[in-house]
Amino acid sequence: MDNERRIVLTGFMGVGKSTVARFLASLLKCERIDLDAFTEQTEKRTIPEIITTEGEARYRQIETKNLRRILSNKEARIIALGGGAWTIEENRRLIKEQNLTTVWLESSFEHCWRNIRASKRERPLAKNKQQTQRLFDERQRFYCLADWHFIVKPDLSSFEIARKVAEEVFSMKFN
Ligand code: S3P
């Protein structure tokens, strides 16, 4: 097994980054950090509060500041990004500088949209289907810059996806 490698999970809202990161960390028995959760803890506000009161541009600055802090914690080998973080050039540079491997969890827009609708989490940048679909389309060109690419089919559970990532990216063997 590859004991050194650190990864970031990226992909659109609703694809399941946080849940896959949780299973992956438990399979690898290592620490993980969720950028959105970290931001909410350190800012003592929810992300929707930050975006609605200060705007998306300010939110991105806060997100980058928190990403820097997370990246400096070498114990956290699995990092789940928020869906927009990898689309920011500075964030991609910081991640590459630290030699992390990036994994894109890709799924269809309809699959992500179903999960967004079913989730209790408020997502200020995914309020209506048409705009969200546009955002999804615009972001594909950034996501495909990731080092690895896993297609998340709707019939795969988050645990199965985590296992695939563990097998392929971390060379873990399962019976
Ligand atoms: C965002 C995705 C959210 C969160 C914020 C902005 C985006 O995270 O970071 O609402 O721009 O795609 P999830 O991808 O975990 O929903």
# chains A, B, ... in the order shown; residues from 1 in each chain; ligands from 1
call {"tool": "residues_near_ligand", "arguments": {"ligand": "ligand 1", "cutoff": "7 Å", "atoms": "only C-alpha atoms and all ligand atoms", "output": "list in words"}}
result
Gly11, Phe12, Met13, Gly14, Lys17, Ser18, Asp36, Ile47, Pro48, Leu81, Gly82, Gly83, Gly84, Ala85, Arg123, Pro124 and Leu125 of chain A
call {"tool": "write_last_selection", "arguments": {"atoms": "N, CA and C atoms", "output": "tab-separated table (two decimals), in the first residue's frame"}}
result
chain	number	residue	atom	x	y	z
A	11	GLY	N	-14.95	17.47	-7.54
A	11	GLY	CA	-16.12	17.06	-8.30
A	11	GLY	C	-17.29	17.97	-7.95
A	12	PHE	N	-18.33	17.86	-8.74
A	12	PHE	CA	-19.45	18.79	-8.58
A	12	PHE	C	-20.21	18.54	-7.27
A	13	MET	N	-20.96	19.56	-6.85
A	13	MET	CA	-21.85	19.43	-5.69
A	13	MET	C	-22.74	18.20	-5.86
A	14	GLY	N	-22.92	17.48	-4.78
A	14	GLY	CA	-23.85	16.36	-4.81
A	14	GLY	C	-23.27	15.06	-5.33
A	17	LYS	N	-18.46	13.70	-2.48
A	17	LYS	CA	-17.05	13.83	-2.09
A	17	LYS	C	-16.85	13.58	-0.59
A	18	SER	N	-17.70	14.21	0.23
A	18	SER	CA	-17.49	14.13	1.69
A	18	SER	C	-17.68	12.70	2.18
A	36	ASP	N	-15.20	22.21	3.44
A	36	ASP	CA	-16.41	22.98	3.80
A	36	ASP	C	-16.64	22.98	5.32
A	47	ILE	N	-21.55	28.15	5.39
A	47	ILE	CA	-21.14	28.65	4.07
A	47	ILE	C	-22.26	29.49	3.44
A	48	PRO	N	-23.52	29.05	3.49
A	48	PRO	CA	-24.58	29.92	2.93
A	48	PRO	C	-24.60	31.30	3.59
A	81	LEU	N	-12.69	18.55	-1.06
A	81	LEU	CA	-12.87	19.96	-1.40
A	81	LEU	C	-14.36	20.28	-1.52
A	82	GLY	N	-14.70	21.57	-1.48
A	82	GLY	CA	-16.03	21.98	-1.90
A	82	GLY	C	-16.02	21.99	-3.44
A	83	GLY	N	-17.21	21.91	-4.04
A	83	GLY	CA	-17.29	21.76	-5.50
A	83	GLY	C	-16.64	22.84	-6.34
A	84	GLY	N	-16.45	24.05	-5.75
A	84	GLY	CA	-15.88	25.14	-6.55
A	84	GLY	C	-14.38	25.30	-6.34
A	85	ALA	N	-13.84	24.68	-5.30
A	85	ALA	CA	-12.46	24.98	-4.90
A	85	ALA	C	-11.44	24.68	-6.01
A	123	ARG	N	-27.38	24.90	-0.47
A	123	ARG	CA	-26.29	25.20	-1.39
A	123	ARG	C	-26.67	26.45	-2.19
A	124	PRO	N	-26.12	27.60	-1.76
A	124	PRO	CA	-26.54	28.86	-2.38
A	124	PRO	C	-26.21	28.96	-3.86
A	125	LEU	N	-25.25	28.15	-4.34
A	125	LEU	CA	-24.90	28.24	-5.76
A	125	LEU	C	-25.63	27.18	-6.59
call {"tool": "residues_around", "arguments": {"residues": "region 129-139 of chain A", "least_positions_apart": "5", "cutoff": "8 Å", "atoms": "only C-alpha atoms", "output": "PyMOL selection string"}}
result
chain A and resi 12+87+109+113
call {"tool": "select_by_dssp", "arguments": {"residues": "region 97-128 of chain A", "states": "strand (DSSP E)", "output": "list in words"}}
result
Thr101, Thr102, Val103, Trp104, Leu105 and Glu106 of chain A
call {"tool": "write_last_selection", "arguments": {"atoms": "C-alpha atoms", "output": "PDB file, in the first residue's frame"}}
result
ATOM      1  CA  THR A 101      -2.869  13.766  -6.015  1.00  0.00           C
ATOM      2  CA  THR A 102      -6.220  14.993  -7.246  1.00  0.00           C
ATOM      3  CA  VAL A 103      -9.130  12.663  -7.781  1.00  0.00           C
ATOM      4  CA  TRP A 104     -12.158  13.803  -9.747  1.00  0.00           C
ATOM      5  CA  LEU A 105     -15.397  12.061  -8.893  1.00  0.00           C
ATOM      6  CA  GLU A 106     -17.405  12.510 -12.031  1.00  0.00           C
TER       7      GLU A 106
END
call {"tool": "closest_residue", "arguments": {"among": "A:Asn66, A:Ala76, A:Asn175, A:Phe170", "to": "Gln41 (chain A)", "atoms": "only C-alpha atoms"}}
result
A:Asn66
call {"tool": "residues_around", "arguments": {"residues": "Lys164 (chain A)", "least_positions_apart": "3", "cutoff": "12 Å", "atoms": "only C-alpha atoms", "output": "list of chain:residue names"}}
result
A:Val20, A:Phe23, A:Leu24, A:Leu27, A:Val103, A:Leu105, A:Trp148, A:His149, A:Phe150, A:Ile151, A:Val152, A:Leu156, A:Ser157, A:Ser158, A:Phe159, A:Glu160, A:Ile161, A:Glu167, A:Glu168, A:Val169, A:Phe170, A:Ser171, A:Met172, A:Lys173, A:Phe174
call {"tool": "select_by_dssp", "arguments": {"residues": "region 47-88 of chain A", "states": "alpha helix (DSSP H)", "output": "PyMOL selection string"}}
result
chain A and resi 47-54+56-71
call {"tool": "closest_residue", "arguments": {"among": "A:Thr53, A:Asn99, A:Gly16, A:Gln140", "to": "Arg114 (chain A)", "atoms": "only C-alpha atoms"}}
result
A:Gly16
